[in-house]
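Novice: Structure file entry.tsv (TSV, C-alpha atoms and all ligand atoms) is given on the next line.
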chain	number	residue	atom	x	y	z
A	328	MET	CA	142.60	129.99	135.40
A	329	GLY	CA	145.69	131.62	133.92
A	330	ASP	CA	146.35	132.87	130.41
A	331	ASN	CA	148.45	129.88	129.57
A	332	PHE	CA	147.62	127.51	126.80
A	333	ILE	CA	148.97	124.05	127.54
A	334	SER	CA	149.90	121.40	125.00
A	335	ILE	CA	150.41	117.94	126.47
A	336	VAL	CA	152.52	115.85	124.11
A	337	ILE	CA	152.25	112.08	124.60
A	338	PRO	CA	154.21	109.51	122.58
A	339	THR	CA	152.22	106.32	122.07
A	340	TYR	CA	153.11	102.93	120.75
A	341	ASN	CA	150.55	100.16	121.26
A	342	GLU	CA	148.74	101.83	124.15
A	343	ARG	CA	145.15	101.10	123.11
A	344	ASP	CA	143.82	100.30	126.59
A	345	ASN	CA	145.62	103.14	128.35
A	346	ILE	CA	144.70	106.21	126.38
A	347	VAL	CA	141.03	106.44	127.36
A	348	PRO	CA	141.62	106.65	131.13
A	349	LEU	CA	144.70	108.74	130.36
A	350	VAL	CA	142.82	111.41	128.44
A	351	GLU	CA	139.92	111.37	130.91
A	352	ARG	CA	142.23	111.93	133.86
A	353	ILE	CA	144.18	114.69	132.10
A	354	SER	CA	141.02	116.57	131.21
A	355	ARG	CA	139.76	116.29	134.75
A	356	THR	CA	143.07	117.69	135.97
A	357	LEU	CA	143.29	120.55	133.44
A	358	ASN	CA	139.57	121.16	133.48
A	359	ASN	CA	139.90	124.87	134.25
A	360	HIS	CA	142.57	125.59	131.69
A	361	ASN	CA	143.02	125.99	127.97
A	362	TYR	CA	144.76	122.89	126.76
A	363	GLU	CA	145.20	120.37	123.98
A	364	ILE	CA	146.49	116.81	124.01
A	365	LEU	CA	148.73	115.64	121.18
A	366	LEU	CA	149.12	111.90	120.82
A	367	VAL	CA	152.13	111.10	118.66
A	368	ASP	CA	151.76	107.54	117.47
A	369	ASP	CA	154.31	105.58	115.46
A	370	ASN	CA	151.70	103.64	113.54
A	371	SER	CA	150.66	101.25	116.32
A	372	GLN	CA	148.98	98.13	115.02
A	373	ASP	CA	146.85	97.44	118.10
A	374	GLY	CA	144.13	99.97	117.32
A	375	THR	CA	145.55	102.84	119.36
A	376	VAL	CA	144.95	105.26	116.48
A	377	ASP	CA	141.26	104.34	116.13
A	378	VAL	CA	140.63	104.69	119.84
A	379	ALA	CA	142.49	108.03	119.77
A	380	ALA	CA	140.40	109.28	116.84
A	381	LYS	CA	137.25	108.46	118.85
A	382	LEU	CA	138.59	110.40	121.82
A	383	ALA	CA	139.16	113.41	119.59
A	384	GLU	CA	135.40	113.70	119.13
A	385	LYS	CA	134.88	114.42	122.78
A	386	TYR	CA	138.17	115.89	124.03
A	387	PRO	CA	140.67	118.44	122.66
A	388	VAL	CA	142.80	115.59	121.36
A	389	LYS	CA	144.90	115.62	118.21
A	390	VAL	CA	146.38	112.48	116.76
A	391	LEU	CA	149.65	112.64	114.85
A	392	VAL	CA	150.70	109.43	113.15
A	393	ARG	CA	154.24	108.90	111.92
A	394	ALA	CA	154.27	106.16	109.34
A	395	ASN	CA	157.96	105.57	108.79
A	396	GLU	CA	159.69	106.46	112.01
A	397	ARG	CA	160.06	104.89	115.44
A	398	GLY	CA	161.48	106.36	118.61
A	399	LEU	CA	160.22	107.94	121.77
A	400	ALA	CA	162.38	111.09	121.78
A	401	THR	CA	161.90	111.94	118.11
A	402	ALA	CA	158.14	111.32	118.48
A	403	VAL	CA	158.08	113.93	121.25
A	404	LEU	CA	160.01	116.41	119.07
A	405	HIS	CA	157.51	115.77	116.30
A	406	GLY	CA	154.75	116.67	118.73
A	407	PHE	CA	156.50	119.94	119.64
A	408	LYS	CA	156.26	121.06	116.02
A	409	TYR	CA	152.47	120.90	116.16
A	410	ALA	CA	151.99	122.06	119.75
A	411	ARG	CA	150.28	125.45	119.88
A	412	GLY	CA	150.64	126.10	123.60
A	413	ASN	CA	153.01	128.59	125.20
A	414	VAL	CA	153.40	125.87	127.84
A	415	VAL	CA	154.21	122.33	126.75
A	416	GLY	CA	154.03	119.15	128.81
A	417	VAL	CA	155.39	115.70	128.04
A	418	MET	CA	154.30	112.43	129.64
A	419	ASP	CA	153.96	108.70	128.97
A	420	ALA	CA	150.71	107.15	127.86
A	421	ASP	CA	150.82	104.06	130.08
A	422	LEU	CA	149.62	105.77	133.30
A	423	GLN	CA	152.96	105.27	135.00
A	424	HIS	CA	152.93	109.07	135.09
A	425	PRO	CA	149.84	109.94	137.16
A	426	PRO	CA	148.05	112.62	135.10
A	427	GLU	CA	147.02	114.51	138.25
A	428	VAL	CA	150.64	115.61	138.74
A	429	ASN	CA	150.15	117.95	135.77
A	430	ALA	CA	148.41	120.31	138.19
A	431	ALA	CA	151.57	120.62	140.31
A	432	LEU	CA	153.73	120.99	137.19
A	433	LEU	CA	151.55	123.80	135.91
A	434	LYS	CA	151.59	125.50	139.29
A	435	ALA	CA	155.40	125.54	139.21
A	436	ILE	CA	155.32	127.12	135.74
A	437	GLU	CA	152.84	129.72	136.94
A	438	ASN	CA	155.21	130.44	139.82
A	439	GLY	CA	157.99	131.31	137.40
A	440	ALA	CA	159.74	128.07	136.43
A	441	ASP	CA	160.88	127.73	132.80
A	442	MET	CA	161.12	123.98	133.13
A	443	VAL	CA	159.61	121.72	135.76
A	444	VAL	CA	160.50	118.05	136.06
A	445	ALA	CA	158.28	115.43	137.68
A	446	SER	CA	160.94	113.73	139.74
A	447	ARG	CA	161.31	110.29	141.29
A	448	TYR	CA	164.45	111.25	143.13
A	449	ILE	CA	163.43	114.06	145.44
A	450	PRO	CA	161.60	113.60	148.78
A	451	GLY	CA	158.03	112.55	148.15
A	452	GLY	CA	158.88	110.90	144.83
A	453	GLY	CA	159.90	107.35	144.00
A	454	CYS	CA	159.31	104.10	142.18
A	455	PRO	CA	158.24	101.78	145.00
A	456	ASN	CA	157.50	98.83	142.75
A	457	TRP	CA	160.88	98.57	141.12
A	458	GLY	CA	163.16	95.60	141.71
A	459	LEU	CA	166.74	96.02	142.79
A	460	THR	CA	168.17	95.49	139.30
A	461	ARG	CA	166.11	98.22	137.68
A	462	ARG	CA	166.92	100.55	140.57
A	463	ILE	CA	170.65	99.98	140.17
A	464	ILE	CA	170.53	100.43	136.40
A	465	SER	CA	168.55	103.64	136.78
A	466	LYS	CA	170.89	105.08	139.41
A	467	GLY	CA	173.95	104.02	137.40
A	468	ALA	CA	172.57	105.75	134.32
A	469	LEU	CA	171.84	108.81	136.42
A	470	SER	CA	175.41	108.96	137.78
A	471	LEU	CA	176.83	108.77	134.27
A	472	ALA	CA	174.81	111.81	133.29
A	473	HIS	CA	175.75	113.71	136.43
A	474	ILE	CA	179.48	112.97	136.00
A	475	PHE	CA	179.91	113.44	132.28
A	476	LEU	CA	177.32	116.16	131.69
A	477	PRO	CA	177.86	118.54	134.59
A	478	SER	CA	175.02	120.83	133.53
A	479	THR	CA	172.54	118.08	134.51
A	480	ARG	CA	173.71	118.09	138.11
A	481	GLN	CA	171.16	120.67	139.21
A	482	VAL	CA	168.40	118.16	138.40
A	483	LYS	CA	167.97	115.01	140.49
A	484	ASP	CA	165.97	113.16	137.83
A	485	PRO	CA	167.11	114.30	134.37
A	486	MET	CA	165.96	110.93	132.96
A	487	SER	CA	162.33	111.50	133.78
A	488	GLY	CA	159.89	111.29	130.89
A	489	TYR	CA	157.40	113.56	132.66
A	490	PHE	CA	157.93	117.34	132.56
A	491	MET	CA	156.52	120.70	131.53
A	492	PHE	CA	158.19	123.82	130.17
A	493	ARG	CA	157.76	127.23	128.60
A	494	ARG	CA	157.88	126.94	124.89
A	495	ASP	CA	160.39	129.82	124.43
A	496	GLY	CA	163.06	127.48	125.81
A	497	LEU	CA	162.98	125.69	122.47
A	498	ASP	CA	163.77	128.78	120.40
A	499	GLN	CA	166.84	128.55	118.19
A	500	VAL	CA	167.98	125.27	119.67
A	501	GLU	CA	168.66	122.17	117.67
A	502	PHE	CA	167.85	118.88	119.32
A	503	LYS	CA	169.33	115.59	118.20
A	504	PRO	CA	168.25	113.02	120.75
A	505	ILE	CA	169.08	109.34	120.45
A	506	GLY	CA	166.71	106.87	122.12
A	507	TYR	CA	164.46	107.60	125.08
A	508	LYS	CA	165.79	110.52	127.07
A	509	ILE	CA	164.30	113.62	125.54
A	510	LEU	CA	164.45	115.56	128.80
A	511	LEU	CA	168.18	114.97	129.10
A	512	GLU	CA	168.66	116.41	125.62
A	513	MET	CA	166.53	119.44	126.47
A	514	LEU	CA	168.26	120.13	129.78
A	515	VAL	CA	171.72	119.96	128.23
A	516	MET	CA	171.04	121.74	124.93
A	517	GLY	CA	168.04	123.93	125.76
A	518	LYS	CA	167.91	127.37	127.33
A	519	PHE	CA	165.92	126.89	130.48
A	520	GLN	CA	167.00	129.34	133.16
A	521	HIS	CA	164.85	128.41	136.09
A	522	VAL	CA	164.50	124.63	136.45
A	523	VAL	CA	162.61	123.06	139.35
A	524	GLU	CA	161.43	119.58	140.36
A	525	VAL	CA	158.14	118.32	141.72
A	526	PRO	CA	157.94	114.84	143.27
A	527	PHE	CA	155.84	112.03	141.83
A	528	ILE	CA	155.39	108.30	142.32
A	529	PHE	CA	156.17	106.23	139.23
A	530	GLU	CA	153.26	103.78	139.08
A	531	ASP	CA	153.06	100.27	137.68
A	532	ARG	CA	152.11	99.97	134.05
A	533	SER	CA	148.37	99.40	134.00
A	534	SER	CA	148.24	97.68	130.62
A	535	GLY	CA	150.44	96.76	127.65
A	536	ALA	CA	154.20	96.26	127.77
A	537	SER	CA	157.26	98.49	128.12
A	538	LYS	CA	159.19	99.16	124.94
A	539	MET	CA	162.42	99.53	126.90
A	540	LYS	CA	164.94	96.94	125.72
A	541	ALA	CA	168.71	96.47	125.87
A	542	ARG	CA	168.76	98.54	122.70
A	543	GLN	CA	167.60	101.57	124.71
A	544	GLN	CA	170.47	101.15	127.18
A	545	ILE	CA	172.97	101.24	124.34
A	546	ASP	CA	171.18	104.20	122.79
A	547	TYR	CA	171.49	105.91	126.14
A	548	LEU	CA	175.28	105.55	126.17
A	549	LYS	CA	175.42	106.84	122.60
A	550	HIS	CA	173.24	109.76	123.60
A	551	ILE	CA	175.49	110.68	126.55
A	552	PHE	CA	178.51	110.50	124.26
A	553	SER	CA	176.82	112.63	121.63
A	554	LEU	CA	175.84	115.27	124.20
A	555	MET	CA	179.39	115.29	125.60
A	556	ARG	CA	180.72	115.91	122.13
A	557	ARG	CA	178.24	118.69	121.42
A	558	LYS	CA	178.84	120.39	124.78
A	559	GLY	CA	182.65	120.21	124.69
A	560	GLU	CA	182.71	117.76	127.61
A	561	LEU	CA	184.40	115.13	125.49
A	562	LYS	CA	187.14	117.61	124.67
A	563	ARG	CA	187.50	118.34	128.36
A	564	LEU	CA	187.91	114.66	129.21
A	565	LEU	CA	190.49	114.17	126.44
A	566	ARG	CA	192.40	117.24	127.60
A	567	PHE	CA	192.43	115.94	131.15
A	568	ILE	CA	193.87	112.66	129.90
A	569	GLY	CA	196.46	114.51	127.78
A	570	VAL	CA	197.50	116.64	130.73
A	571	GLY	CA	197.80	113.50	132.88
A	572	LEU	CA	200.13	111.94	130.34
A	573	SER	CA	202.23	115.11	130.16
A	574	GLY	CA	202.55	114.83	133.95
A	575	VAL	CA	204.24	111.47	133.53
A	576	ILE	CA	206.92	113.12	131.38
A	577	VAL	CA	207.41	115.94	133.89
A	578	ASN	CA	207.64	113.42	136.71
A	579	GLU	CA	210.23	111.26	134.94
A	580	GLY	CA	212.23	114.32	133.80
A	581	ILE	CA	212.45	115.94	137.24
A	582	LEU	CA	213.21	112.60	138.85
A	583	TRP	CA	216.12	112.13	136.45
A	584	ILE	CA	217.45	115.68	136.91
A	585	LEU	CA	217.29	115.58	140.69
A	586	THR	CA	218.70	112.09	140.96
A	587	ASP	CA	221.33	111.95	138.21
A	588	LEU	CA	222.36	115.56	137.82
A	589	VAL	CA	221.87	116.95	141.33
A	590	GLY	CA	222.71	113.72	143.10
A	591	ILE	CA	219.76	113.37	145.45
A	592	ARG	CA	218.65	109.87	146.45
A	593	TYR	CA	215.78	108.68	144.24
A	594	TYR	CA	213.32	108.10	147.09
A	595	ILE	CA	213.75	111.70	148.16
A	596	SER	CA	213.89	113.28	144.69
A	597	SER	CA	210.78	111.33	143.72
A	598	LEU	CA	208.79	113.42	146.21
A	599	GLY	CA	209.89	116.57	144.41
A	600	ALA	CA	209.14	114.99	141.06
A	601	ILE	CA	205.63	114.04	142.17
A	602	GLU	CA	204.88	117.54	143.44
A	603	ALA	CA	206.34	119.10	140.28
A	604	SER	CA	204.05	116.96	138.12
A	605	ILE	CA	201.03	117.79	140.29
A	606	ILE	CA	201.79	121.51	139.87
A	607	SER	CA	202.37	121.28	136.12
A	608	ASN	CA	199.17	119.22	135.75
A	609	PHE	CA	197.33	121.79	137.79
A	610	ILE	CA	198.51	124.74	135.72
A	611	LEU	CA	197.70	123.02	132.43
A	612	ASN	CA	194.29	121.94	133.66
A	613	ASP	CA	193.57	125.39	135.04
A	614	TYR	CA	194.38	127.20	131.79
A	615	PHE	CA	193.35	124.53	129.35
A	616	THR	CA	191.02	121.79	130.58
A	617	PHE	CA	188.92	123.93	132.91
A	618	ALA	CA	189.50	127.34	131.34
A	619	ASP	CA	185.74	127.94	131.25
A	620	ARG	CA	185.41	127.33	134.98
A	621	ARG	CA	188.40	129.33	136.21
A	622	THR	CA	187.33	132.34	138.25
A	623	GLY	CA	190.50	134.37	137.71
A	624	LYS	CA	191.11	135.63	141.25
A	625	ILE	CA	194.62	134.94	142.51
A	626	GLY	CA	193.40	133.73	145.92
A	627	SER	CA	191.12	131.19	144.32
A	628	PHE	CA	194.03	130.07	142.13
A	629	PHE	CA	195.89	128.96	145.24
A	630	SER	CA	192.83	127.45	146.83
A	631	ARG	CA	192.28	125.39	143.64
A	632	LEU	CA	195.94	124.37	143.70
A	633	LEU	CA	195.55	123.19	147.27
A	634	LYS	CA	192.39	121.27	146.44
A	635	PHE	CA	194.07	119.67	143.45
A	636	ASN	CA	196.93	118.54	145.70
A	637	VAL	CA	194.51	116.98	148.15
A	638	VAL	CA	192.65	115.19	145.35
A	639	CYS	CA	195.88	113.89	143.79
A	640	ALA	CA	197.25	112.76	147.15
A	641	ALA	CA	194.07	110.81	147.83
A	642	GLY	CA	194.19	109.50	144.26
A	643	ALA	CA	197.74	108.28	144.77
A	644	ALA	CA	196.75	106.58	148.04
A	645	ILE	CA	193.86	104.87	146.26
A	646	GLN	CA	196.12	103.75	143.44
A	647	TYR	CA	198.63	102.38	145.94
A	648	GLY	CA	195.94	100.68	148.01
A	649	ILE	CA	194.46	98.98	144.96
A	650	LEU	CA	197.89	97.85	143.80
A	651	VAL	CA	198.63	96.20	147.15
A	652	LEU	CA	195.13	94.81	147.59
A	653	LEU	CA	194.82	93.27	144.15
A	654	THR	CA	198.38	91.93	144.11
A	655	SER	CA	198.76	90.56	147.64
A	656	VAL	CA	195.20	89.72	148.60
A	657	VAL	CA	193.52	88.85	145.30
A	658	GLY	CA	196.68	87.53	143.65
A	659	ILE	CA	196.57	89.45	140.39
A	660	ASN	CA	199.79	90.25	138.53
A	661	TYR	CA	201.22	93.49	139.99
A	662	LEU	CA	201.43	95.27	136.64
A	663	ILE	CA	197.77	94.60	135.93
A	664	SER	CA	196.84	95.58	139.48
A	665	ASN	CA	198.76	98.81	139.00
A	666	LEU	CA	196.94	99.51	135.75
A	667	ILE	CA	193.56	99.03	137.44
A	668	GLY	CA	194.76	101.29	140.25
A	669	ILE	CA	195.78	103.98	137.75
A	670	LEU	CA	192.40	103.77	136.03
A	671	ILE	CA	190.42	104.07	139.25
A	672	ALA	CA	192.65	106.88	140.52
A	673	PHE	CA	192.12	108.63	137.20
A	674	ILE	CA	188.33	108.44	137.54
A	675	TRP	CA	188.68	109.67	141.12
A	676	ASN	CA	190.82	112.63	140.06
A	677	TYR	CA	188.53	113.58	137.21
A	678	PHE	CA	185.41	113.31	139.32
A	679	PHE	CA	186.77	115.51	142.11
A	680	SER	CA	188.29	117.97	139.68
A	681	LEU	CA	184.85	118.47	138.17
A	682	PHE	CA	182.89	118.45	141.39
A	683	TRP	CA	185.25	120.21	143.74
A	684	THR	CA	188.45	121.81	142.45
A	685	TRP	CA	186.88	123.46	139.39
A	686	LYS	CA	183.28	123.28	140.48
A	701	LIG	N1	155.56	107.22	119.34
A	701	LIG	C1	156.30	106.36	120.03
A	701	LIG	N2	157.32	105.71	119.40
A	701	LIG	N3	156.07	106.19	121.34
A	701	LIG	C2	156.84	105.31	122.02
A	701	LIG	C3	157.89	104.59	121.42
A	701	LIG	C4	158.12	104.81	120.03
A	701	LIG	O1	159.02	104.22	119.42
A	701	LIG	N4	158.48	103.81	122.38
A	701	LIG	C5	157.81	104.05	123.51
A	701	LIG	N5	156.81	104.94	123.29
A	701	LIG	C6	155.85	105.47	124.26
A	701	LIG	C7	155.08	104.43	125.00
A	701	LIG	O2	153.89	104.07	124.34
A	701	LIG	C8	154.78	105.14	126.33
A	701	LIG	O3	153.70	106.00	126.23
A	701	LIG	C9	156.03	105.97	126.54
A	701	LIG	O4	156.60	106.18	125.25
A	701	LIG	C10	157.05	105.31	127.47
A	701	LIG	O5	157.40	104.05	126.95
A	701	LIG	P1	157.66	102.77	127.89
A	701	LIG	O6	158.08	101.68	127.03
A	701	LIG	O7	156.49	102.57	128.81
A	701	LIG	O8	158.91	103.31	128.73
A	701	LIG	P2	159.40	102.93	130.18
A	701	LIG	O9	158.25	102.90	131.14
A	701	LIG	O10	160.27	101.76	130.13
A	701	LIG	O11	160.32	104.21	130.47
A	701	LIG	C11	159.75	105.39	131.00
A	701	LIG	O12	160.32	105.64	132.24
A	701	LIG	C12	161.70	105.99	132.19
A	701	LIG	C13	162.19	106.22	133.59
A	701	LIG	O13	162.59	105.04	134.09
A	701	LIG	C14	159.95	106.59	130.07
A	701	LIG	O14	159.21	107.69	130.58
A	701	LIG	C15	161.39	107.03	130.00
A	701	LIG	O15	161.49	108.27	129.27
A	701	LIG	C16	161.88	107.24	131.39
A	701	LIG	O16	163.25	107.58	131.36
A	702	MN	MN	156.26	102.84	130.81
Represent the supplied structure as structure tokens.
Ligand code: GDD
Ligand code: MN

Specialist:
Amino acid sequence: MGDNFISIVIPTYNERDNIVPLVERISRTLNNHNYEILLVDDNSQDGTVDVAAKLAEKYPVKVLVRANERGLATAVLHGFKYARGNVVGVMDADLQHPPEVNAALLKAIENGADMVVASRYIPGGGCPNWGLTRRIISKGALSLAHIFLPSTRQVKDPMSGYFMFRRDGLDQVEFKPIGYKILLEMLVMGKFQHVVEVPFIFEDRSSGASKMKARQQIDYLKHIFSLMRRKGELKRLLRFIGVGLSGVIVNEGILWILTDLVGIRYYISSLGAIEASIISNFILNDYFTFADRRTGKIGSFFSRLLKFNVVCAAGAAIQYGILVLLTSVVGINYLISNLIGILIAFIWNYFFSLFWTWK
């Protein structure tokens, strides 16, 4: 038994039949600890609140009811305001998050973690009962976060709804989540130094229905966009696009000078023009787009330049391959094929710039 006081915050919406076994299993798990359970209910009409009030007679349960608001993430934030623990946990009410995993989460905190995530995507974890579609959507959503919010890359399952953290990580941080993914918001905006993951198996819902609808998928995209804006990642993306466009001007200009003024054949001078635009793109990106990731040493400057060349060369090959494939094999108009090629090469270049050149 440590000195920690643990607040488990649980958003509920129409979970009448789940909260009794839920609370029983949590108390069995945290039996030897000081803890409280905060159920944050958005005015469920199925009797959840009455059942919860009954539970509060026997267990350290508090029931917070929000009358005029709906939303998983904001319900969790509401719970944080009332949580008294120096350690705070968050989990779902529907038993898809096995309450026993709280023991492993707490252990990780006791071993020095500031934030511990119950993770489906590390060895030992998973969601064995999911169909292919849900798997693909989940992995797609995960990749979006990893690409566009680089600070989430250290965590394999930043979309988990099951986690525990030290309360100090909340200090002086403003959270503005949209939709479901409160952990994502906390990982990107919060100040958690030491983040670890513990595996868990995402179970089937034992009763009631999921509240996840198409609406939540759209909210998720909005949330990613909002986090990108707040973290300067949107600015970075726009700068990368701007630099790319400036490269077109450099390329055309050098091509014209070498061909018309110097008198070199266009298919030779084009090679110089391409390299010139790669170098000018590199310098602009190094000082502008990725200024915060530049290390400053001259040797690493050249190693980044080399990497950028490799990425761009591969990008050009991809663009060319797609142009030929879509035009000759699929039969799409060559200008449209080229545009698709440019778009895919752009994503390629951005991805590898973030993950490799300026990692
Ligand atoms: N207070 C409140 N208000 N609670 C809500 C609301 C709401 O508007 N919507 C959902 N909840 C509660 C549910 O009662 C449940 O306890 C928990 O939040 C999760 O809701 P589900 O509807 O069961 O979500 P899910 O199973 O589809 O999604 C879960 O798994 C995802 C991973 O795939 C959540 O944990 C997500 O956060 C997680 O990303
Ligand atoms: Mn669920």

Novice: Every residue with an atom at most 7 Å from (154.3, 103.0, 119.3) (file coordinates; all atoms listed in the file) is what I'm after, so could you write them as a compact mmCIF listing (two decimals) with C-alpha atoms, in the coordinates of the input?

Specialist:
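Result file selection_26.txt:
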# COMPACT_ATOMS: atom_id res chain seq x y z
CA THR A 339 152.22 106.32 122.07
CA TYR A 340 153.11 102.93 120.75
CA ASN A 341 150.55 100.16 121.26
CA ASP A 368 151.76 107.54 117.47
CA ASP A 369 154.31 105.58 115.46
CA ASN A 370 151.70 103.64 113.54
CA SER A 371 150.66 101.25 116.32

Novice: One number please: CA of Val336 in chain A to CA of Gly416 in chain A, in Å, one decimal.

Specialist: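 Between CA of Val336 in chain A and CA of Gly416 in chain A the gap works out to 5.9 Å.
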
Novice: Give the residues close to ligand LIG 701 (chain A), within 8 Å, counting only C-alpha atoms and all ligand atoms; write them as a PDB file with C-alpha atoms, in the frame of the given file.

Specialist:
ATOM      1  CA  ILE A 337     152.250 112.080 124.600  1.00  0.00           C
ATOM      2  CA  PRO A 338     154.210 109.510 122.580  1.00  0.00           C
ATOM      3  CA  THR A 339     152.220 106.320 122.070  1.00  0.00           C
ATOM      4  CA  TYR A 340     153.110 102.930 120.750  1.00  0.00           C
ATOM      5  CA  ASN A 341     150.550 100.160 121.260  1.00  0.00           C
ATOM      6  CA  GLU A 342     148.740 101.830 124.150  1.00  0.00           C
ATOM      7  CA  VAL A 367     152.130 111.100 118.660  1.00  0.00           C
ATOM      8  CA  ASP A 368     151.760 107.540 117.470  1.00  0.00           C
ATOM      9  CA  ASP A 369     154.310 105.580 115.460  1.00  0.00           C
ATOM     10  CA  ASN A 370     151.700 103.640 113.540  1.00  0.00           C
ATOM     11  CA  ARG A 393     154.240 108.900 111.920  1.00  0.00           C
ATOM     12  CA  GLU A 396     159.690 106.460 112.010  1.00  0.00           C
ATOM     13  CA  ARG A 397     160.060 104.890 115.440  1.00  0.00           C
ATOM     14  CA  GLY A 398     161.480 106.360 118.610  1.00  0.00           C
ATOM     15  CA  LEU A 399     160.220 107.940 121.770  1.00  0.00           C
ATOM     16  CA  ALA A 400     162.380 111.090 121.780  1.00  0.00           C
ATOM     17  CA  THR A 401     161.900 111.940 118.110  1.00  0.00           C
ATOM     18  CA  ALA A 402     158.140 111.320 118.480  1.00  0.00           C
ATOM     19  CA  VAL A 403     158.080 113.930 121.250  1.00  0.00           C
ATOM     20  CA  MET A 418     154.300 112.430 129.640  1.00  0.00           C
ATOM     21  CA  ASP A 419     153.960 108.700 128.970  1.00  0.00           C
ATOM     22  CA  ALA A 420     150.710 107.150 127.860  1.00  0.00           C
ATOM     23  CA  ASP A 421     150.820 104.060 130.080  1.00  0.00           C
ATOM     24  CA  GLN A 423     152.960 105.270 135.000  1.00  0.00           C
ATOM     25  CA  HIS A 424     152.930 109.070 135.090  1.00  0.00           C
ATOM     26  CA  SER A 465     168.550 103.640 136.780  1.00  0.00           C
ATOM     27  CA  MET A 486     165.960 110.930 132.960  1.00  0.00           C
ATOM     28  CA  SER A 487     162.330 111.500 133.780  1.00  0.00           C
ATOM     29  CA  GLY A 488     159.890 111.290 130.890  1.00  0.00           C
ATOM     30  CA  TYR A 489     157.400 113.560 132.660  1.00  0.00           C
ATOM     31  CA  TYR A 507     164.460 107.600 125.080  1.00  0.00           C
ATOM     32  CA  LYS A 508     165.790 110.520 127.070  1.00  0.00           C
ATOM     33  CA  ILE A 509     164.300 113.620 125.540  1.00  0.00           C
ATOM     34  CA  LEU A 510     164.450 115.560 128.800  1.00  0.00           C
ATOM     35  CA  ARG A 532     152.110  99.970 134.050  1.00  0.00           C
ATOM     36  CA  ALA A 536     154.200  96.260 127.770  1.00  0.00           C
ATOM     37  CA  SER A 537     157.260  98.490 128.120  1.00  0.00           C
ATOM     38  CA  LYS A 538     159.190  99.160 124.940  1.00  0.00           C
ATOM     39  CA  MET A 539     162.420  99.530 126.900  1.00  0.00           C
TER      40      MET A 539
END

Novice: Neighbours of Gly439 in chain A within 12 Å (all atoms listed in the file; same-chain residues fewer than 3 positions away dropped), as a PyMOL selection string?

Specialist: chain A and resi 414+432-436+442-443+492-493+519-523

Novice: Restricting the calculation to only C-alpha atoms and all ligand atoms: of A:Phe529, A:Tyr647, A:Phe567, A:Phe629, which residue gets closest to ligand MN 702 (chain A)?

Specialist: A:Phe529

Novice: Kindly give the distance, in Å, that separates CA of Gly668 in chain A and CA of Ile649 in chain A, rounded to a single decimal.

Specialist: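 Here the two named atoms are 5.3 Å from each other.
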
Novice: Within 7 Å of range 553-565 of chain A, counting all atoms listed in the file, which residues show up once you throw out same-chain ones fewer than 2 positions away? Write them as a list in words, please.

Specialist: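 So the residues in contact are Phe475, Leu476, Lys549, His550, Ile551, Phe567, Ile568, Gly569 and Thr616 of chain A.
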
Novice: Quick one, how far is CA of Ala672 in chain A from CA of Asp484 in chain A?

Specialist: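 We find that CA of Ala672 in chain A and CA of Asp484 in chain A lie 27.5 Å from each other.
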
Novice: Name the closest residue to ligand MN 702 (chain A) among the candidates A:Lys518, A:Lys540, A:Arg411, A:Lys503; distances are taken between atoms, counting only C-alpha atoms and all ligand atoms.

Specialist: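 Closest to ligand MN 702 (chain A), using only C-alpha atoms and all ligand atoms: A:Lys540.
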
Novice: Under the rule that all atoms listed in the file are counted, which of A:Leu365, A:Val651, A:Ile576, A:Leu469 is the nearest residue to Tyr409 in chain A?

Specialist: A:Leu365

Novice: Give as a list in words the set of residues within 10 Å of the point (159.4, 100.8, 145.1), where distances use the file's coordinates and all atoms listed in the file.

Specialist: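 Within 10 Å of (159.4, 100.8, 145.1), the protein and nucleic acid residues are Gly453, Cys454, Pro455, Asn456, Trp457, Gly458, Leu459, Arg462, Ile528, Phe529, Glu530 and Asp531 of chain A.
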
Novice: Would you kindly return, as a list in words, each protein, DNA or RNA residue with an atom no farther than 12 Å from any atom of range 381-383 of chain A, considering only C-alpha atoms and excluding same-chain residues fewer than 4 positions away?

Specialist: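 Counting only C-alpha atoms, the residues come to Arg343, Ile346, Val347, Pro348, Leu349, Val350, Glu351, Ser354, Glu363, Ile364, Leu365, Leu366, Gly374, Thr375, Val376, Asp377, Pro387, Val388, Lys389, Val390 and Leu391 of chain A.
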
Novice: Near range 598-604 of chain A, counting all atoms listed in the file, which residues have an atom at most 9 Å away, once you skip same-chain residues fewer than 4 positions from it, shown as a VMD selection string?

Specialist: chain A and resid 571 573 to 583 585 593 to 594 608 to 609 636

Novice: From the options A:Ser533, A:Asn438, A:Thr356, A:Ser334, which residue's atoms come nearest to ligand MN 702 (chain A), counting all atoms listed in the file?

Specialist: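 When distances to ligand MN 702 (chain A) are compared using all atoms listed in the file, the smallest one comes from A:Ser533.
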
Novice: Adding 4 Å on each side of the box along x, y and z that holds all listed atoms of range 563-567 of chain A, could you give its centre and edge lengths in Å to one decimal, as AutoDock Vina command-line options?

Specialist:
--center_x 190.0 --center_y 116.3 --center_z 128.8 --size_x 12.9 --size_y 12.2 --size_z 12.7
